[in-house]
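Quick notes on the structure that follows.
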Amino acid sequence: MKISRIGHRYLDSESGKTIDVWFPRSSKELKRSCLAEKVGIVTSDFITLEIESLDFPPQSTEDAYLRLHLLSECVVKPNELNLEGIFPLLTNVAWTSAGPVLPSKVEELRDLISQENHHLVITSIDKFPRMTDYVVPDGVRIGDADRVRLGAHLAPGTTVMHEGFVNFNAGTLGKSMIEGRVTPGVIVGKNSDVGAGASIMGTLSGGGKQVNSIGERSLIGANAGIGISLGDECIVEAGLYVTAGTKVKTPDGEVVPARELSGKSGLLFRRNSQTGVVEALETDSSRWGGLNTSLHSNE
């Protein structure tokens, strides 16, 4: 896939280092403004960027930002483009209410805008900005925008509650409830629910390469987690963390590591409250009732 877009770029005035780039969907020359630029901490310009193929790694900060935009615009799905080596390309930025600046420039910025009647707020110091400052997806609700990074892929009908978190190169493929943590590389199928405090091991966990996913009509209960993939119509009971090495008793009585059940559909993972044994029972999504469809129209 060949991509060409026009973007608005902020640069550090002293070093010329690229701080960020906004690529509007219209690909028009739309300018942003901020106090940091007004007082000379940053400068800005327009760029036209072409990517010949998303199969090759990003080559620059600008290239990395465009790929993150494409994910959040749902032009491509997680794991469908090459993001190898993206971290060294991204600048660590102080994301402030007066505009993005290098962390070392915050004190200078605070002094230079002191006459502007502006209370400076620093929302984070990170390589990744909030998604909603760059891409506002259609049909999505987000309780706390600070918890969704640029590069998150949120399909229409997704609700991310206040304690939910979605990282870059991760997200949903349809109507979903996200109350837990969705980490890089993880895809959540439509009509699935990641419960409050739940987590899914991603590709950055300990440098792992295993890509985990959740199928359709599945539920990870509150404070539960998985280090394997779930197929369709699966349930992980509240509080149970199933890693790849967890020993699980199957419906036929065999005991296997959970990795052997990765991706299989129609399983309920639970811990037997009398024996402490982790069990996988045959089930379907009717056991938990599915999503409340009235909560996910998000029009």
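Going by the structure tokens order, chains are called A, B, ..., each with residues numbered from 1, while ligands are numbered from 1 in the order shown.
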Exercise: Lys31 of chain A partners within 12 Å, only C-alpha atoms, chain neighbours under 5 positions left out, as JSON, numbers by chain: {"A": [6, 7, 8, 9, 10, 21, 22, 23, 24, 37, 43, 44, 45, 46, 47]}
For segment 117-132 of chain A: contacts at 6 Å, only C-alpha atoms, fewer than 3 positions along chain excluded, given as a PyMOL selection string: chain A and resi 90-97+135-136+146+148-150
Segment 165-175 of chain A surroundings by only C-alpha atoms, 7 Å radius, close-in-sequence under 6 positions cut, as a ChimeraX atom specification: /A:71,78-79,147-158,181-191,296
Could the residues in this selection be saved with C-alpha atoms as a compact mmCIF listing (two decimals), in the first residue's frame?
```
# COMPACT_ATOMS: atom_id res chain seq x y z
CA LEU A 71 -3.95 2.78 12.71
CA PRO A 78 -3.00 -3.78 14.17
CA ASN A 79 -0.15 -6.02 13.01
CA ARG A 147 -5.53 6.30 28.44
CA VAL A 148 -5.67 5.84 24.66
CA ARG A 149 -2.43 6.37 22.77
CA LEU A 150 -2.09 7.50 19.17
CA GLY A 151 -1.90 4.30 17.15
CA ALA A 152 -4.82 2.64 18.93
CA HIS A 153 -7.35 1.08 16.54
CA LEU A 154 -10.90 1.59 17.83
CA ALA A 155 -13.70 0.31 15.61
CA PRO A 156 -17.14 1.98 15.65
CA GLY A 157 -19.17 0.78 18.63
CA THR A 158 -16.15 0.60 20.95
CA ARG A 181 -5.77 -3.00 29.40
CA VAL A 182 -5.23 -3.81 25.73
CA THR A 183 -1.49 -3.92 25.05
CA PRO A 184 0.50 -3.70 21.77
CA GLY A 185 -0.31 -6.31 19.14
CA VAL A 186 -3.58 -7.36 20.79
CA ILE A 187 -6.83 -7.41 18.81
CA VAL A 188 -10.26 -7.69 20.44
CA GLY A 189 -13.01 -9.19 18.29
CA LYS A 190 -16.48 -7.69 18.01
CA ASN A 191 -19.00 -8.09 20.81
CA HIS A 296 -22.49 0.62 21.92
```
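Every protein, DNA or RNA residue with an atom at most 9 Å from Asp55 of chain A, where only C-alpha atoms count and chain neighbours fewer than 2 positions away do not, is listed here: Met1, Glu52, Ser53, Pro57, Glu80, Leu81, Asn82 and Leu83 of chain A.
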Write a file of the just-selected residues containing N, CA, C and O atoms, as a tab-separated table (two decimals), in the first residue's frame.
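Result file is selection.tsv:
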```
chain	number	residue	atom	x	y	z
A	1	MET	N	0.85	-1.20	0.00
A	1	MET	CA	0.00	0.00	0.00
A	1	MET	C	0.88	1.25	0.00
A	1	MET	O	1.73	1.43	0.87
A	52	GLU	N	6.19	4.30	0.46
A	52	GLU	CA	6.05	3.39	-0.68
A	52	GLU	C	5.36	2.09	-0.29
A	52	GLU	O	4.54	1.55	-1.03
A	53	SER	N	5.72	1.57	0.87
A	53	SER	CA	5.13	0.32	1.33
A	53	SER	C	5.14	0.26	2.84
A	53	SER	O	6.16	0.55	3.47
A	57	PRO	N	10.04	-1.06	7.47
A	57	PRO	CA	10.03	-0.32	8.74
A	57	PRO	C	9.97	1.18	8.51
A	57	PRO	O	10.41	1.68	7.47
A	80	GLU	N	-0.83	-5.17	10.80
A	80	GLU	CA	-0.85	-5.19	9.34
A	80	GLU	C	0.18	-4.26	8.72
A	80	GLU	O	0.28	-4.17	7.50
A	81	LEU	N	0.95	-3.56	9.54
A	81	LEU	CA	2.00	-2.69	9.02
A	81	LEU	C	3.24	-2.87	9.88
A	81	LEU	O	3.17	-3.32	11.01
A	82	ASN	N	4.36	-2.52	9.31
A	82	ASN	CA	5.65	-2.70	9.98
A	82	ASN	C	5.94	-1.50	10.89
A	82	ASN	O	6.01	-0.37	10.42
A	83	LEU	N	6.10	-1.77	12.19
A	83	LEU	CA	6.46	-0.72	13.15
A	83	LEU	C	7.81	-1.00	13.81
A	83	LEU	O	8.13	-0.40	14.83
```
If you run DSSP over the backbone, which residues in segment 79-206 of chain A end up strand (DSSP E)? Put them as a PDB file with C-alpha atoms, in the first residue's frame.
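Produced file out.pdb, reproduced below:
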```pdb
ATOM      1  CA  VAL A  93       7.897  14.965  24.531  1.00  0.00           C
ATOM      2  CA  ALA A  94       6.350  17.007  27.315  1.00  0.00           C
ATOM      3  CA  TRP A  95       2.716  17.202  26.181  1.00  0.00           C
ATOM      4  CA  THR A  96       1.560  20.510  27.627  1.00  0.00           C
ATOM      5  CA  GLY A  99       1.816  22.776  22.995  1.00  0.00           C
ATOM      6  CA  PRO A 100       4.323  19.911  22.743  1.00  0.00           C
ATOM      7  CA  VAL A 101       7.903  20.729  23.724  1.00  0.00           C
ATOM      8  CA  ILE A 122       1.582  18.849  31.557  1.00  0.00           C
ATOM      9  CA  THR A 123      -0.579  15.826  30.776  1.00  0.00           C
ATOM     10  CA  SER A 124       2.331  13.429  30.217  1.00  0.00           C
ATOM     11  CA  ILE A 125       5.987  13.046  29.273  1.00  0.00           C
ATOM     12  CA  ASP A 126       6.016  10.273  26.704  1.00  0.00           C
ATOM     13  CA  ARG A 141     -16.761   6.613  23.384  1.00  0.00           C
ATOM     14  CA  ILE A 142     -13.638   7.186  25.495  1.00  0.00           C
ATOM     15  CA  ALA A 152      -4.818   2.642  18.935  1.00  0.00           C
ATOM     16  CA  HIS A 153      -7.354   1.077  16.544  1.00  0.00           C
ATOM     17  CA  THR A 158     -16.155   0.596  20.947  1.00  0.00           C
ATOM     18  CA  THR A 159     -16.506   1.984  24.454  1.00  0.00           C
ATOM     19  CA  VAL A 160     -13.338   2.567  26.467  1.00  0.00           C
ATOM     20  CA  PHE A 165      -6.334   1.509  28.361  1.00  0.00           C
ATOM     21  CA  VAL A 166      -5.518   0.898  24.694  1.00  0.00           C
ATOM     22  CA  ALA A 170      -3.761  -2.665  19.369  1.00  0.00           C
ATOM     23  CA  GLY A 171      -7.512  -2.330  19.575  1.00  0.00           C
ATOM     24  CA  THR A 172     -10.919  -3.540  18.514  1.00  0.00           C
ATOM     25  CA  SER A 176     -16.578  -3.879  22.287  1.00  0.00           C
ATOM     26  CA  MET A 177     -16.367  -2.865  25.942  1.00  0.00           C
ATOM     27  CA  ILE A 178     -12.859  -2.047  27.139  1.00  0.00           C
ATOM     28  CA  ARG A 181      -5.766  -2.999  29.399  1.00  0.00           C
ATOM     29  CA  VAL A 182      -5.230  -3.813  25.728  1.00  0.00           C
ATOM     30  CA  ILE A 187      -6.832  -7.410  18.812  1.00  0.00           C
ATOM     31  CA  VAL A 188     -10.257  -7.688  20.444  1.00  0.00           C
ATOM     32  CA  SER A 192     -16.292  -8.917  23.336  1.00  0.00           C
ATOM     33  CA  ASP A 193     -15.653  -7.430  26.779  1.00  0.00           C
ATOM     34  CA  VAL A 194     -12.331  -6.813  28.526  1.00  0.00           C
ATOM     35  CA  SER A 199      -5.119  -7.358  31.034  1.00  0.00           C
ATOM     36  CA  ILE A 200      -3.780  -9.109  27.958  1.00  0.00           C
TER      37      ILE A 200
END
```
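Between atom CA of Val248 of chain A and atom CA of Val278 of chain A there is a distance of 5.1 Å.
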Backbone DSSP call of helix (DSSP H, G or I) for segment 110-295 of chain A, listed as a PyMOL selection string: chain A and resi 110-112+131-133+145-147+205-207+258-261+285-287+293-295
Kindly export the residues of the current selection with C-alpha atoms, as a PDB file, in the first residue's frame.
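out_11.pdb was written with the following content:
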```pdb
ATOM      1  CA  ARG A 110       6.614  28.398  31.701  1.00  0.00           C
ATOM      2  CA  ASP A 111       8.611  31.615  32.033  1.00  0.00           C
ATOM      3  CA  LEU A 112       7.915  32.857  28.498  1.00  0.00           C
ATOM      4  CA  MET A 131      -4.947   9.662  20.208  1.00  0.00           C
ATOM      5  CA  THR A 132      -7.797  12.164  20.478  1.00  0.00           C
ATOM      6  CA  ASP A 133      -5.470  15.135  19.967  1.00  0.00           C
ATOM      7  CA  ALA A 145      -8.577  10.239  26.624  1.00  0.00           C
ATOM      8  CA  ASP A 146      -5.231  10.099  28.461  1.00  0.00           C
ATOM      9  CA  ARG A 147      -5.528   6.300  28.442  1.00  0.00           C
ATOM     10  CA  SER A 205       5.742  -7.804  27.422  1.00  0.00           C
ATOM     11  CA  GLY A 206       9.255  -8.962  28.235  1.00  0.00           C
ATOM     12  CA  GLY A 207      10.179  -8.602  24.581  1.00  0.00           C
ATOM     13  CA  ALA A 258      -2.738 -23.377  28.385  1.00  0.00           C
ATOM     14  CA  ARG A 259      -0.756 -22.630  25.228  1.00  0.00           C
ATOM     15  CA  GLU A 260      -2.214 -25.823  23.741  1.00  0.00           C
ATOM     16  CA  LEU A 261      -5.692 -24.304  24.093  1.00  0.00           C
ATOM     17  CA  SER A 285     -21.338 -16.578  25.285  1.00  0.00           C
ATOM     18  CA  SER A 286     -24.854 -17.083  26.632  1.00  0.00           C
ATOM     19  CA  ARG A 287     -23.199 -17.849  29.982  1.00  0.00           C
ATOM     20  CA  THR A 293     -26.168  -3.381  22.540  1.00  0.00           C
ATOM     21  CA  SER A 294     -27.806  -0.114  23.656  1.00  0.00           C
ATOM     22  CA  LEU A 295     -24.472   0.995  25.141  1.00  0.00           C
TER      23      LEU A 295
END
```
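The coordinates place atom CA of Glu237 of chain A at 16.1 Å from atom CA of Ser262 of chain A.
A straight line drawn from atom CA of Val255 of chain A to atom CA of Glu279 of chain A is 8.8 Å long.
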Who sits within 7 Å of Glu163 of chain A, only C-alpha atoms, same chain under 2 positions skipped, as number ranges by chain: A: 161, 165, 179-180
